[in-house]
Amino acid sequence: MELARKIASADNPLTARVKVNRVWQHHFVAGLVRTPSDFGTRGDAPTHPELLDFLARQFVADGWSLKKLHRLLMLSRTYQQASTDNPSFRNIRHPGISSVSYHSWRR
């Protein structure tokens with residue numbers, strides 16, 4: 001029981017960061033950390049660490065509410081941008097991402 005309390009403690013930022021990254025990945029296809037199963041030293045660093053930390057803090061402050069986290073992400077300007085195919089972006093390559101604008105989006 002003590003281990004469960006430590007894992008779910010607000011003092012443990014890792015748990016909130018992992019969950020936020022998984023929810024982000026669900027909505028945006030790629031997580032803020034490209035290796036969602038490895039947040040350790042062998043995994044990739046977050047692409048936007050400040051955003052990940054902000055979202056994790058907000059998630060904990062909102063009582064670990066997934067509904068509020070989903071709402072926060074879905075009402076963001078980033079989520080509401082058009083995800084339609086733009087042929088002019090097809091030749092753009094971004095390091096670490098196989099394609100920038102033509103993923104199979106889940107929206």
# chains A, B, ... in the order shown; residues from 1 in each chain; ligands from 1
$ residues_around --residues "A:Gly63" --least-positions-apart "4" --cutoff "12 Å" --atoms "only C-alpha atoms" --output "ChimeraX atom specification"
/A:8-10,16,56-59,67-69
$ select_by_dssp --residues "chain A" --states "helix (DSSP H, G or I)" --output "VMD selection string"
chain A and resid 2 to 7 13 to 28 49 to 61 66 to 74 77 to 80 87 to 89
$ closest_residue --among "A:Val18, A:Phe54, A:Ser76, A:His26" --to "A:Asp38" --atoms "only C-alpha atoms"
A:Val18
$ atom_distance --atom1 "atom CA of A:Val23" --atom2 "atom CA of A:Tyr79"
12.5 Å
$ atom_distance --atom1 "atom CA of A:Arg22" --atom2 "atom CA of A:Thr78"
16.7 Å
$ closest_residue --among "A:Arg34, A:Lys19, A:His48, A:His27" --to "A:Met74" --atoms "only C-alpha atoms"
A:His27
$ atom_distance --atom1 "atom CA of A:Leu72" --atom2 "atom CA of A:Leu14"
19.7 Å
$ residues_around --residues "A:Leu52" --least-positions-apart "2" --cutoff "8 Å" --atoms "only C-alpha atoms" --output "ChimeraX atom specification"
/A:17,20-21,32,46,48-50,54-56
